[in-house]
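Just structure-v2.txt here, compact mmCIF, C-alpha atoms:
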# COMPACT_ATOMS: atom_id res chain seq x y z
CA MET A 1 96.44 102.52 85.52
CA GLN A 2 99.27 102.88 88.05
CA THR A 3 101.44 100.10 89.46
CA ILE A 4 103.24 100.15 92.82
CA TRP A 5 105.49 97.39 94.09
CA ALA A 6 106.41 97.27 97.78
CA ASP A 7 108.80 95.04 99.65
CA LEU A 8 106.48 94.88 102.68
CA VAL A 9 102.83 95.96 102.97
CA LEU A 10 100.49 96.17 105.97
CA THR A 11 97.26 94.88 104.42
CA SER A 12 93.88 94.25 106.01
CA ASP A 13 95.03 90.65 106.49
CA GLY A 14 98.39 91.54 108.03
CA TRP A 15 101.88 91.82 106.63
CA ARG A 16 102.53 90.63 103.09
CA SER A 17 105.80 90.78 101.15
CA GLY A 18 106.62 91.46 97.51
CA VAL A 19 103.23 93.06 96.85
CA THR A 20 102.13 94.55 93.53
CA LEU A 21 99.23 97.00 93.68
CA GLU A 22 97.36 98.08 90.57
CA ILE A 23 95.51 101.36 91.06
CA ASP A 24 92.74 102.58 88.81
CA ARG A 25 90.61 105.72 89.27
CA GLY A 26 91.97 106.23 92.75
CA ARG A 27 91.20 102.75 94.09
CA ILE A 28 93.21 99.57 94.53
CA LEU A 29 92.02 97.41 91.66
CA ARG A 30 94.23 94.36 92.20
CA MET A 31 96.76 93.28 94.79
CA LYS A 32 99.14 90.33 94.45
CA SER A 33 101.77 89.03 96.89
CA ASP A 34 105.15 87.39 96.30
CA THR A 35 105.65 89.16 92.98
CA SER A 36 108.75 90.51 91.29
CA PRO A 37 109.39 94.27 91.35
CA ALA A 38 107.39 96.19 88.75
CA GLY A 39 106.27 99.79 88.49
CA TYR A 40 107.05 102.33 91.20
CA ARG A 41 109.08 100.75 94.01
CA ALA A 42 108.28 101.48 97.67
CA GLY A 43 109.81 100.04 100.80
CA LEU A 44 107.38 99.75 103.71
CA LEU A 45 103.80 100.52 102.67
CA LEU A 46 101.09 101.44 105.20
CA PRO A 47 97.54 102.80 105.06
CA ALA A 48 97.70 106.60 105.27
CA PRO A 49 95.21 107.85 107.88
CA ALA A 50 92.90 110.76 107.24
CA ASN A 51 93.51 113.82 109.38
CA GLY A 52 90.23 113.75 111.26
CA HIS A 53 89.98 117.37 112.47
CA SER A 54 91.58 120.53 111.11
CA HIS A 55 91.06 124.28 111.19
CA ALA A 56 93.49 124.98 108.37
CA PHE A 57 93.59 128.77 108.71
CA GLN A 58 95.02 128.47 112.23
CA ARG A 59 98.29 127.18 110.74
CA ALA A 60 99.23 130.80 110.10
CA MET A 61 99.22 131.63 113.84
CA ALA A 62 101.21 128.59 114.99
CA GLY A 63 103.67 129.61 117.70
CA LEU A 64 102.29 133.14 118.09
CA SER A 65 100.30 132.62 121.30
CA GLU A 66 103.02 131.47 123.69
CA HIS A 67 103.27 134.66 125.79
CA ARG A 68 101.77 134.99 129.25
CA GLY A 69 99.26 137.67 130.17
CA PRO A 70 98.69 139.31 133.56
CA ASN A 71 96.38 136.50 134.63
CA LYS A 72 96.45 132.73 134.23
CA ASP A 73 96.38 131.83 130.54
CA SER A 74 93.98 129.19 129.21
CA PHE A 75 92.11 128.00 126.16
CA TRP A 76 89.88 131.04 126.51
CA THR A 77 92.76 133.55 126.37
CA TRP A 78 94.17 131.70 123.35
CA ARG A 79 90.76 131.98 121.71
CA SER A 80 90.80 135.76 122.17
CA LEU A 81 94.06 135.97 120.22
CA MET A 82 92.60 133.77 117.50
CA TYR A 83 89.63 136.13 117.16
CA ARG A 84 91.97 139.14 116.72
CA PHE A 85 93.88 137.19 114.09
CA LEU A 86 90.64 136.52 112.19
CA GLU A 87 89.99 140.23 111.72
CA HIS A 88 92.63 140.35 108.98
CA LEU A 89 92.21 137.13 106.95
CA THR A 90 91.14 137.45 103.31
CA PRO A 91 89.79 134.62 101.13
CA GLU A 92 93.05 134.43 99.16
CA GLN A 93 95.07 134.20 102.36
CA VAL A 94 92.81 131.43 103.67
CA CYS A 95 93.36 129.51 100.44
CA ASN A 96 97.15 129.81 100.53
CA VAL A 97 97.41 128.98 104.23
CA ALA A 98 95.12 125.96 103.81
CA ALA A 99 97.14 124.63 100.88
CA TYR A 100 100.32 124.87 102.93
CA ALA A 101 98.76 123.07 105.90
CA GLN A 102 97.42 120.36 103.60
CA MET A 103 100.86 119.97 102.01
CA GLU A 104 102.37 119.48 105.47
CA MET A 105 99.70 116.91 106.30
CA LEU A 106 100.65 114.90 103.25
CA GLU A 107 104.36 115.15 104.00
CA ALA A 108 103.63 113.97 107.55
CA GLY A 109 101.87 110.82 106.28
CA PHE A 110 98.20 111.79 106.27
CA GLY A 111 96.30 110.78 103.13
CA ALA A 112 93.25 113.04 103.48
CA SER A 113 91.94 115.94 105.55
CA VAL A 114 88.65 116.63 107.32
CA GLU A 115 88.22 120.39 107.43
CA PHE A 116 85.97 121.63 110.26
CA HIS A 117 85.33 124.95 108.56
CA TYR A 118 83.65 127.77 110.46
CA LEU A 119 85.23 130.89 108.91
CA HIS A 120 82.43 131.93 106.56
CA HIS A 121 81.95 135.70 106.25
CA GLN A 122 83.73 139.00 105.71
CA GLN A 123 85.66 140.72 108.50
CA ASP A 124 82.62 142.70 109.68
CA GLY A 125 80.36 139.65 109.56
CA THR A 126 78.69 140.53 106.26
CA PRO A 127 78.17 137.41 104.12
CA TYR A 128 79.97 137.17 100.82
CA THR A 129 77.72 137.27 97.76
CA ASN A 130 78.49 133.58 97.43
CA LEU A 131 77.71 132.29 100.91
CA GLY A 132 80.16 129.45 100.34
CA GLU A 133 83.06 131.71 99.29
CA MET A 134 85.35 130.60 102.10
CA SER A 135 84.40 126.96 101.62
CA ALA A 136 85.29 127.38 97.96
CA GLN A 137 88.73 128.62 99.00
CA ILE A 138 89.32 125.44 100.99
CA CYS A 139 88.38 123.47 97.87
CA VAL A 140 90.78 125.50 95.71
CA ALA A 141 93.51 124.79 98.26
CA ALA A 142 92.76 121.06 98.11
CA GLY A 143 92.99 121.22 94.34
CA GLU A 144 96.45 122.76 94.69
CA SER A 145 97.73 120.35 97.35
CA GLY A 146 95.91 117.32 95.91
CA ILE A 147 94.81 116.09 99.32
CA GLY A 148 91.58 114.11 99.65
CA LEU A 149 89.12 116.53 101.24
CA THR A 150 86.12 116.06 103.46
CA LEU A 151 84.62 119.52 103.89
CA LEU A 152 82.46 120.19 106.94
CA PRO A 153 80.79 123.60 106.90
CA VAL A 154 80.14 124.54 110.52
CA HIS A 155 76.90 125.91 111.90
CA TYR A 156 77.63 128.48 114.61
CA GLN A 157 74.83 130.74 115.82
CA TYR A 158 75.16 131.65 119.51
CA GLY A 159 77.81 132.75 121.97
CA GLY A 160 76.72 130.31 124.67
CA CYS A 161 74.02 127.99 125.92
CA ASP A 162 71.90 130.99 126.94
CA ARG A 163 71.71 131.88 123.22
CA ARG A 164 73.47 135.19 123.71
CA PRO A 165 74.59 136.93 120.50
CA LEU A 166 77.99 136.16 119.04
CA SER A 167 80.85 138.35 120.20
CA GLN A 168 82.68 140.68 117.84
CA GLY A 169 85.41 138.05 117.42
CA GLN A 170 82.84 135.45 116.35
CA ARG A 171 80.96 137.54 113.80
CA ARG A 172 82.61 135.82 110.80
CA PHE A 173 81.15 132.46 111.92
CA GLY A 174 77.47 133.15 112.47
CA ASN A 175 74.44 131.93 110.54
CA THR A 176 70.79 131.27 111.08
CA PRO A 177 69.70 127.72 110.24
CA ASP A 178 68.14 128.93 106.99
CA ARG A 179 71.23 130.78 105.83
CA PHE A 180 73.43 127.88 106.89
CA SER A 181 71.33 125.55 104.72
CA ARG A 182 71.99 127.76 101.72
CA LEU A 183 75.69 127.97 102.61
CA VAL A 184 75.95 124.18 102.64
CA GLU A 185 74.48 124.02 99.15
CA ASP A 186 77.00 126.58 97.91
CA ALA A 187 79.80 124.58 99.54
CA ARG A 188 78.51 121.40 97.93
CA GLY A 189 78.69 123.11 94.57
CA ALA A 190 82.27 124.27 95.23
CA LEU A 191 83.31 120.67 95.86
CA THR A 192 82.58 119.74 92.23
CA CYS A 193 85.94 121.19 91.18
CA LEU A 194 87.68 118.34 93.04
CA PRO A 195 88.15 114.64 92.19
CA ASP A 196 85.41 112.15 92.97
CA ASP A 197 86.88 111.15 96.33
CA ALA A 198 86.00 114.57 97.85
CA ARG A 199 83.23 114.45 100.45
CA ILE A 200 80.97 116.89 102.29
CA GLY A 201 79.20 116.72 105.63
CA VAL A 202 78.17 119.22 108.30
CA ALA A 203 79.34 120.25 111.74
CA PRO A 204 77.08 121.77 114.37
CA HIS A 205 79.91 123.50 116.21
CA SER A 206 79.03 122.59 119.81
CA LEU A 207 76.20 122.49 122.29
CA ARG A 208 77.16 126.04 123.27
CA ALA A 209 76.94 127.49 119.76
CA VAL A 210 73.87 125.71 118.30
CA ALA A 211 70.31 125.56 119.59
CA THR A 212 69.53 121.98 120.52
CA ASP A 213 66.12 122.17 118.85
CA ASP A 214 67.85 122.98 115.54
CA LEU A 215 70.17 119.98 115.62
CA THR A 216 67.87 117.58 113.76
CA ASP A 217 67.54 119.92 110.78
CA ILE A 218 71.28 120.73 110.76
CA VAL A 219 72.23 117.05 110.82
CA ALA A 220 69.85 116.33 107.94
CA LEU A 221 71.86 118.70 105.73
CA ALA A 222 74.71 116.16 105.75
CA ASP A 223 72.54 113.96 103.52
CA GLY A 224 74.22 110.80 104.77
CA GLY A 225 77.69 112.36 105.03
CA PRO A 226 79.73 112.80 108.20
CA VAL A 227 78.49 114.87 111.15
CA HIS A 228 81.10 116.29 113.54
CA MET A 229 80.69 118.30 116.73
CA HIS A 230 83.00 119.63 119.44
CA LEU A 231 82.05 118.04 122.75
CA ALA A 232 83.37 118.26 126.31
CA GLU A 233 86.70 119.87 125.44
CA GLN A 234 86.90 122.28 128.40
CA LEU A 235 85.71 122.10 132.02
CA ALA A 236 84.02 125.48 131.70
CA GLU A 237 82.08 124.13 128.72
CA VAL A 238 81.00 121.05 130.70
CA GLU A 239 79.76 123.25 133.53
CA GLU A 240 77.89 125.63 131.21
CA VAL A 241 76.14 122.82 129.34
CA HIS A 242 75.23 121.04 132.58
CA ALA A 243 73.71 124.22 134.01
CA ALA A 244 71.72 124.93 130.83
CA LEU A 245 70.64 121.43 129.75
CA GLY A 246 70.64 119.53 133.03
CA ALA A 247 73.26 117.04 131.88
CA ARG A 248 76.93 116.89 131.04
CA PRO A 249 77.64 117.32 127.29
CA VAL A 250 78.41 113.67 126.50
CA SER A 251 75.51 112.39 128.60
CA TRP A 252 73.17 114.82 126.88
CA ALA A 253 74.40 113.72 123.45
CA LEU A 254 74.04 110.03 124.34
CA ASN A 255 70.46 110.57 125.46
CA ASN A 256 69.30 112.98 122.74
CA LEU A 257 71.23 112.30 119.53
CA ALA A 258 71.17 109.25 117.28
CA LEU A 259 74.90 108.71 117.58
CA GLY A 260 76.38 106.15 115.22
CA ALA A 261 79.03 105.57 112.58
CA SER A 262 78.43 108.87 110.76
CA TRP A 263 79.16 110.90 113.90
CA SER A 264 82.52 112.11 115.15
CA LEU A 265 82.66 113.84 118.52
CA ILE A 266 85.73 116.03 118.80
CA HIS A 267 87.97 116.01 121.89
CA CYS A 268 85.63 114.56 124.58
CA THR A 269 88.43 115.29 127.02
CA HIS A 270 86.20 115.49 130.07
CA MET A 271 84.03 112.38 130.38
CA THR A 272 83.02 110.20 133.29
CA ALA A 273 83.91 106.50 133.18
CA ARG A 274 80.29 105.65 132.29
CA GLU A 275 80.17 108.26 129.52
CA THR A 276 83.42 106.88 128.11
CA THR A 277 82.21 103.29 127.81
CA ASP A 278 78.74 104.29 126.63
CA LEU A 279 80.15 106.51 123.89
CA ALA A 280 82.44 103.70 122.77
CA ALA A 281 79.40 101.46 122.35
CA THR A 282 77.67 103.83 119.90
CA GLY A 283 80.09 103.14 117.03
CA ALA A 284 80.80 106.87 116.62
CA THR A 285 84.38 108.05 116.43
CA VAL A 286 86.07 110.44 118.82
CA GLY A 287 88.28 112.98 117.09
CA LEU A 288 91.46 113.24 119.13
CA CYS A 289 93.98 116.05 118.61
CA PRO A 290 96.63 115.31 121.24
CA LEU A 291 99.15 118.02 120.28
CA THR A 292 96.54 120.80 120.26
CA GLU A 293 94.83 119.44 123.38
CA ALA A 294 98.20 119.55 125.16
CA ASN A 295 99.05 123.00 123.80
CA LEU A 296 95.71 124.45 124.95
CA GLY A 297 95.73 122.67 128.30
CA ASP A 298 92.51 120.82 127.57
CA GLY A 299 93.37 117.71 129.57
CA VAL A 300 94.04 114.04 128.86
CA PHE A 301 91.52 111.85 127.05
CA ASP A 302 90.80 108.52 128.78
CA GLY A 303 92.16 106.45 125.91
CA VAL A 304 92.80 103.24 127.81
CA ARG A 305 89.23 102.90 129.04
CA TYR A 306 87.78 104.02 125.71
CA LEU A 307 89.79 101.64 123.52
CA ASP A 308 89.34 98.75 125.95
CA ALA A 309 85.57 99.28 125.48
CA GLY A 310 85.94 99.02 121.69
CA GLY A 311 85.92 102.74 120.99
CA ARG A 312 86.98 104.14 117.63
CA PHE A 313 89.10 107.24 117.15
CA ALA A 314 90.47 109.52 114.46
CA ILE A 315 93.59 111.63 114.85
CA GLY A 316 93.50 115.30 113.87
CA SER A 317 95.87 118.25 113.89
CA ASP A 318 93.17 120.77 114.95
CA SER A 319 94.97 124.13 115.40
CA ASN A 320 97.86 122.90 113.23
CA ILE A 321 100.45 124.24 115.63
CA ARG A 322 102.49 121.20 114.62
CA ILE A 323 101.49 118.85 111.79
CA SER A 324 102.92 115.39 112.40
CA LEU A 325 101.11 112.07 112.27
CA SER A 326 103.79 110.31 114.32
CA GLU A 327 103.85 112.99 117.02
CA GLU A 328 100.05 113.00 117.39
CA LEU A 329 100.07 109.24 117.93
CA ARG A 330 103.05 109.51 120.28
CA GLN A 331 101.39 112.23 122.35
CA PHE A 332 98.22 110.15 122.63
CA GLU A 333 100.13 107.17 124.01
CA THR A 334 102.58 109.06 126.24
CA SER A 335 99.78 111.09 127.84
CA GLN A 336 98.27 107.80 129.02
CA ARG A 337 101.65 106.67 130.38
CA LEU A 338 102.22 109.91 132.27
CA ARG A 339 98.75 109.82 133.83
CA ASP A 340 98.88 106.14 134.83
CA ASN A 341 102.64 105.63 135.41
CA SER A 342 102.58 102.86 132.82
CA ARG A 343 104.16 101.80 129.54
CA ALA A 344 102.68 100.42 126.31
CA ALA A 345 99.33 101.68 127.60
CA LEU A 346 97.44 101.25 124.31
CA ALA A 347 99.17 98.11 123.04
CA THR A 348 97.30 94.81 122.92
CA GLU A 349 98.40 91.22 123.43
CA VAL A 350 98.44 90.89 119.64
CA HIS A 351 99.78 94.24 118.38
CA THR A 352 102.53 96.59 119.50
CA THR A 353 101.64 100.14 120.53
CA GLY A 354 102.63 101.79 117.27
CA ARG A 355 100.86 99.28 115.07
CA ARG A 356 97.68 99.40 117.09
CA LEU A 357 97.65 103.20 117.04
CA LEU A 358 98.35 103.47 113.32
CA GLU A 359 95.80 100.84 112.25
CA ASP A 360 93.09 102.21 114.54
CA ALA A 361 93.78 105.79 113.42
CA ALA A 362 93.57 104.71 109.78
CA ALA A 363 90.27 102.90 110.26
CA GLY A 364 88.77 105.59 112.47
CA GLY A 365 89.99 108.41 110.25
CA ALA A 366 88.37 106.84 107.19
CA GLN A 367 85.10 106.51 109.11
CA ALA A 368 85.24 110.11 110.34
CA ALA A 369 85.99 111.34 106.82
CA GLY A 370 83.21 109.28 105.23
CA ARG A 371 85.93 107.92 102.98
CA GLY A 372 86.50 104.40 101.65
CA SER A 373 90.09 104.28 102.79
CA GLY A 374 92.00 103.37 105.94
CA ARG A 375 93.00 99.91 104.76
CA ILE A 376 95.07 98.36 102.01
CA GLU A 377 92.79 95.99 100.17
CA GLU A 378 91.12 95.68 96.80
CA GLY A 379 88.38 98.25 96.32
CA ALA A 380 89.68 100.74 98.88
CA TYR A 381 90.93 104.19 97.99
CA ALA A 382 94.70 104.18 97.52
CA ASP A 383 95.56 106.41 100.49
CA LEU A 384 99.05 105.06 101.04
CA LEU A 385 102.07 105.94 103.17
CA ALA A 386 105.52 104.57 102.31
CA LEU A 387 108.19 104.82 104.98
CA ASP A 388 111.82 105.09 103.94
CA ALA A 389 113.12 101.57 104.55
CA ASP A 390 116.68 102.87 104.11
CA HIS A 391 116.38 105.44 106.89
CA PRO A 392 119.12 104.65 109.45
CA ASP A 393 116.57 104.05 112.21
CA LEU A 394 114.34 101.82 110.06
CA ALA A 395 116.91 99.81 108.12
CA GLY A 396 116.58 96.09 108.73
CA LEU A 397 113.57 96.33 111.04
CA PRO A 398 110.54 94.03 110.65
CA GLY A 399 107.16 95.64 110.07
CA ASP A 400 105.78 96.20 113.57
CA ALA A 401 109.13 97.40 114.90
CA ALA A 402 109.39 99.85 111.98
CA ILE A 403 105.98 101.34 112.81
CA ASP A 404 106.90 101.62 116.49
CA THR A 405 110.12 103.39 115.54
CA PHE A 406 108.27 105.79 113.25
CA VAL A 407 105.75 106.62 115.98
CA PHE A 408 108.08 106.85 118.98
CA ALA A 409 111.48 107.78 117.56
CA GLY A 410 110.77 109.39 114.21
CA GLY A 411 108.66 111.83 112.32
CA PRO A 412 108.04 113.26 108.84
CA GLU A 413 111.69 112.71 107.93
CA MET A 414 110.88 108.99 107.69
CA VAL A 415 108.03 109.54 105.21
CA GLN A 416 109.18 108.70 101.69
CA ASP A 417 105.98 108.68 99.60
CA VAL A 418 102.30 109.45 100.08
CA TRP A 419 99.39 108.80 97.74
CA SER A 420 95.89 110.26 98.18
CA ALA A 421 93.32 108.28 96.18
CA GLY A 422 96.20 107.20 93.95
CA ARG A 423 97.57 110.72 93.47
CA HIS A 424 101.31 110.43 94.11
CA LEU A 425 101.79 113.73 95.94
CA VAL A 426 104.82 113.16 98.17
CA GLN A 427 107.90 111.75 96.46
CA GLY A 428 111.27 111.43 98.13
CA GLY A 429 109.84 113.05 101.25
CA ARG A 430 108.74 116.26 99.50
CA HIS A 431 105.43 117.40 98.13
CA ILE A 432 105.57 117.67 94.35
CA ARG A 433 104.43 121.33 94.48
CA ARG A 434 106.24 122.33 97.68
CA ASN A 435 108.06 125.35 96.24
CA ALA A 436 105.00 127.05 94.73
CA ILE A 437 102.78 126.33 97.75
CA THR A 438 105.45 127.63 100.14
CA ARG A 439 105.91 130.87 98.18
CA ALA A 440 102.17 131.53 98.26
CA TYR A 441 102.02 130.77 102.00
CA LYS A 442 104.83 133.21 102.81
CA ALA A 443 103.12 135.91 100.76
CA ALA A 444 99.93 135.29 102.76
CA VAL A 445 101.36 135.27 106.29
CA LEU A 446 103.83 138.17 106.14
CA PRO A 447 101.14 140.92 106.18
CA LEU A 448 99.15 138.99 108.79
CA ARG A 449 102.14 138.89 111.12
CA ALA A 450 102.74 142.58 110.58
CA ASP A 451 99.14 143.32 111.60
CA LEU A 452 99.48 141.32 114.81

Once more with this new file: its structure as structure tokens, please.
Amino acid sequence: MQTIWADLVLTSDGWRSGVTLEIDRGRILRMKSDTSPAGYRAGLLLPAPANGHSHAFQRAMAGLSEHRGPNKDSFWTWRSLMYRFLEHLTPEQVCNVAAYAQMEMLEAGFGASVEFHYLHHQQDGTPYTNLGEMSAQICVAAGESGIGLTLLPVHYQYGGCDRRPLSQGQRRFGNTPDRFSRLVEDARGALTCLPDDARIGVAPHSLRAVATDDLTDIVALADGGPVHMHLAEQLAEVEEVHAALGARPVSWALNNLALGASWSLIHCTHMTARETTDLAATGATVGLCPLTEANLGDGVFDGVRYLDAGGRFAIGSDSNIRISLSEELRQFETSQRLRDNSRAALATEVHTTGRRLLEDAAAGGAQAAGRGSGRIEEGAYADLLALDADHPDLAGLPGDAAIDTFVFAGGPEMVQDVWSAGRHLVQGGRHIRRNAITRAYKAAVLPLRADL
């Protein structure tokens, strides 16, 4: 049993003061307001969102793709660099890089991570003896960092909608449906080394990389868990899918897939107004990664229309070029302002911008992760974020104003404590195993950088 006392808590019913939380087996067992301090003392306690979309291994190449080639650079030229980078990664390096990225997620205020994991095989494309070897490395990393993990093995078979073979750079991703089924089972077995809050689902990579007639069988492998898929990230992708399937990616998915709460569609940057409102009505989440989408020049998601239609979203760090909960939320909002020449674009008449973004990201992230978190109430997983109420920019502020300040004027330096399913992993702003995880990360990336 663990006891936390907080001066101010954002619960499912709104702000409550002097709150005592009793946590047992990772969940909030009891919660009482107007109590005297007892147990571990926190200042401003919030639900910690799940990071809804991550490729952890890409953390090791953050900042290394900012040169310009002879022609116009784009997502596709960035992807070519990523493929060259993949030629050198070993399982041990993947594990150490993933643990470091997960540590940074926790220190940024995320309580869990959804890993969209498509790096499966050896450098030449030969499967490991254990098909789930690389998935197992992500699980080992999560054991080291302590983060709540939702693992999504990715099915990736083709190089485009015409079902052309994978390129040399993609050879570590590829599987037939049968081999992918066996890989998922191996990954499911690897997850047993983690606490009970760990989850598994599946991810058909995209409409370009998976045969549409295989989707039903791939989705069934989730066995009720989350199903994620990249959708409508790039204009070239939209055009290719339209030419091959006779419909834009989101329209095709709306008409051919049983979209609902278990689905998360990643990016959806390029949608029509009708697609935006129709997708919102399905109850699926959209996985938004504003910092990566900006870095790769993807475009601006139509957040105002989507949220006005009741749409749900999760926030992810995707390429992990910068891991910061506050900055992802800030980029989401400010992109809407820049496009529309507005302010407080995603605020409501009831809630300020920061509060609305944080609460919606927490609820949507929990849904995307298939995780009983995203809210502070009895029975929920104790994924908790405590801001430093003594920080100079937060001192004396009421709850909503403190969240707004965190989102628009702050960052990880305001994060004091983070719990993942009750595991107290960030204390005083630092991960409890920061030194060891950092040493292992440096040992992993130094030879990779030399190879590049």

* Asked: What separation in Å, quoted to one decimal, exists between atom CA of A:Ala389 and atom CA of A:Met1?
  -> 25.3 Å

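Of the listed residues (A:Thr192, A:Thr35, A:Ser206, A:Asn295), A:Ser206 comes nearest to A:Leu231; the distances count all atoms listed in the file.
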
* To do: Check the smallest atom-to-atom distance from each of A:Glu104, A:Thr216, A:Ser135, A:Met229 to A:Tyr156 using only C-alpha atoms, then report the winner.
  => A:Met229

* Asked: Which neighbours of stretch 8-21 of chain A fall inside 6 Å, counting all atoms listed in the file, when residues of the same chain fewer than 2 positions from it are skipped, and could you give them as a list of chain:residue names?
  ->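 Contacts, with the query itself left out: A:Thr3, A:Ile4, A:Trp5, A:Ala6, A:Arg30, A:Met31, A:Lys32, A:Ser33, A:Asp34, A:Thr35, A:Leu44, A:Leu45, A:Leu46, A:Arg375, A:Ile376.
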
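Candidate residues A:Ala361, A:Ala421, A:Val184, A:Val250 were compared for distance to A:Gly379, and the nearest is A:Ala421, using all atoms listed in the file.
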
* To do: Show me as number ranges by chain the residues that reach within 10 Å of (101.1, 114.3, 103.8), counting all atoms listed in the file and using the file's own coordinates.
  => A: 48-51, 101-113, 145-147, 323-325, 384-385, 412, 415, 417-420, 425-426, 429-431

Give me a file of those residues, with C-alpha atoms, as a compact mmCIF listing (two decimals), in the frame of the given file.
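Produced file result.txt, reproduced below:
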# COMPACT_ATOMS: atom_id res chain seq x y z
CA ALA A 48 97.70 106.60 105.27
CA PRO A 49 95.21 107.85 107.88
CA ALA A 50 92.90 110.76 107.24
CA ASN A 51 93.51 113.82 109.38
CA ALA A 101 98.76 123.07 105.90
CA GLN A 102 97.42 120.36 103.60
CA MET A 103 100.86 119.97 102.01
CA GLU A 104 102.37 119.48 105.47
CA MET A 105 99.70 116.91 106.30
CA LEU A 106 100.65 114.90 103.25
CA GLU A 107 104.36 115.15 104.00
CA ALA A 108 103.63 113.97 107.55
CA GLY A 109 101.87 110.82 106.28
CA PHE A 110 98.20 111.79 106.27
CA GLY A 111 96.30 110.78 103.13
CA ALA A 112 93.25 113.04 103.48
CA SER A 113 91.94 115.94 105.55
CA SER A 145 97.73 120.35 97.35
CA GLY A 146 95.91 117.32 95.91
CA ILE A 147 94.81 116.09 99.32
CA ILE A 323 101.49 118.85 111.79
CA SER A 324 102.92 115.39 112.40
CA LEU A 325 101.11 112.07 112.27
CA LEU A 384 99.05 105.06 101.04
CA LEU A 385 102.07 105.94 103.17
CA PRO A 412 108.04 113.26 108.84
CA VAL A 415 108.03 109.54 105.21
CA ASP A 417 105.98 108.68 99.60
CA VAL A 418 102.30 109.45 100.08
CA TRP A 419 99.39 108.80 97.74
CA SER A 420 95.89 110.26 98.18
CA LEU A 425 101.79 113.73 95.94
CA VAL A 426 104.82 113.16 98.17
CA GLY A 429 109.84 113.05 101.25
CA ARG A 430 108.74 116.26 99.50
CA HIS A 431 105.43 117.40 98.13

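Relative to atom CA of A:Leu221, atom CA of A:Arg182 is found at 9.9 Å.
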
* Please provide as a ChimeraX atom specification all residues within 12 Å of A:Ala347, with the sequence filter that same-chain residues fewer than 2 positions apart are discarded (counting all atoms listed in the file). => /A:303-304,307-308,333-334,336-337,342-345,349-360,400,404

* Using only C-alpha atoms, determine which residues lie at most 8 Å from A:Val140, disregarding the query and same-chain residues fewer than 3 positions distant; provide the list as a ChimeraX atom specification. => /A:95,136-137,143-144,193

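Distances from A:Asp162, A:Asp196, A:Asp24, A:Glu92 to A:Ala443 were compared using only C-alpha atoms, and the smallest one belongs to A:Glu92.
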
* To do: May I have the residues within 7 Å of A:Ile437 as an MDAnalysis selection string, using only C-alpha atoms and disregarding those fewer than 3 positions away in the same chain?
  => chainID A and resid 99:100 433:434 440:441

* Around the point (84.0, 110.8, 117.8), in the coordinates given by the file, pick out the residues reaching within 6 Å, counting only C-alpha atoms, and return them as a PyMOL selection string. => chain A and resi 264-266+284-287

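Here atom CA of A:Asn435 and atom CA of A:Val97 stand 13.8 Å from one another.
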
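Here the question is which of A:Leu86, A:Val227, A:Ala222, A:Ala98 gets nearest to A:Gln123 using all atoms listed in the file, and that residue is A:Leu86.
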
Padding 8 Å on each side, edges along x, y and z: where is the centre of the box around the listed atoms of stretch 300-309 of chain A, and how long are its edges in Å to one decimal? Output it as JSON.
{"center_x": 89.8, "center_y": 106.4, "center_z": 126.3, "size_x": 24.5, "size_y": 31.3, "size_z": 21.5}

* Asked: Given the choices A:Asn96, A:Arg172, A:Phe301, A:His205, which gets closest to A:Arg439 if the distance is worked out from all atoms listed in the file?
  ->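 Ranking A:Asn96, A:Arg172, A:Phe301, A:His205 by distance to A:Arg439, first place goes to A:Asn96.
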
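The list of residues with at least one atom within 9 Å of A:Gly159, based on all atoms listed in the file and without residues fewer than 6 positions apart in the same chain, reads Pro165, Leu166, Ser167, Gln170, Arg208, Ala209 and Val210 of chain A.
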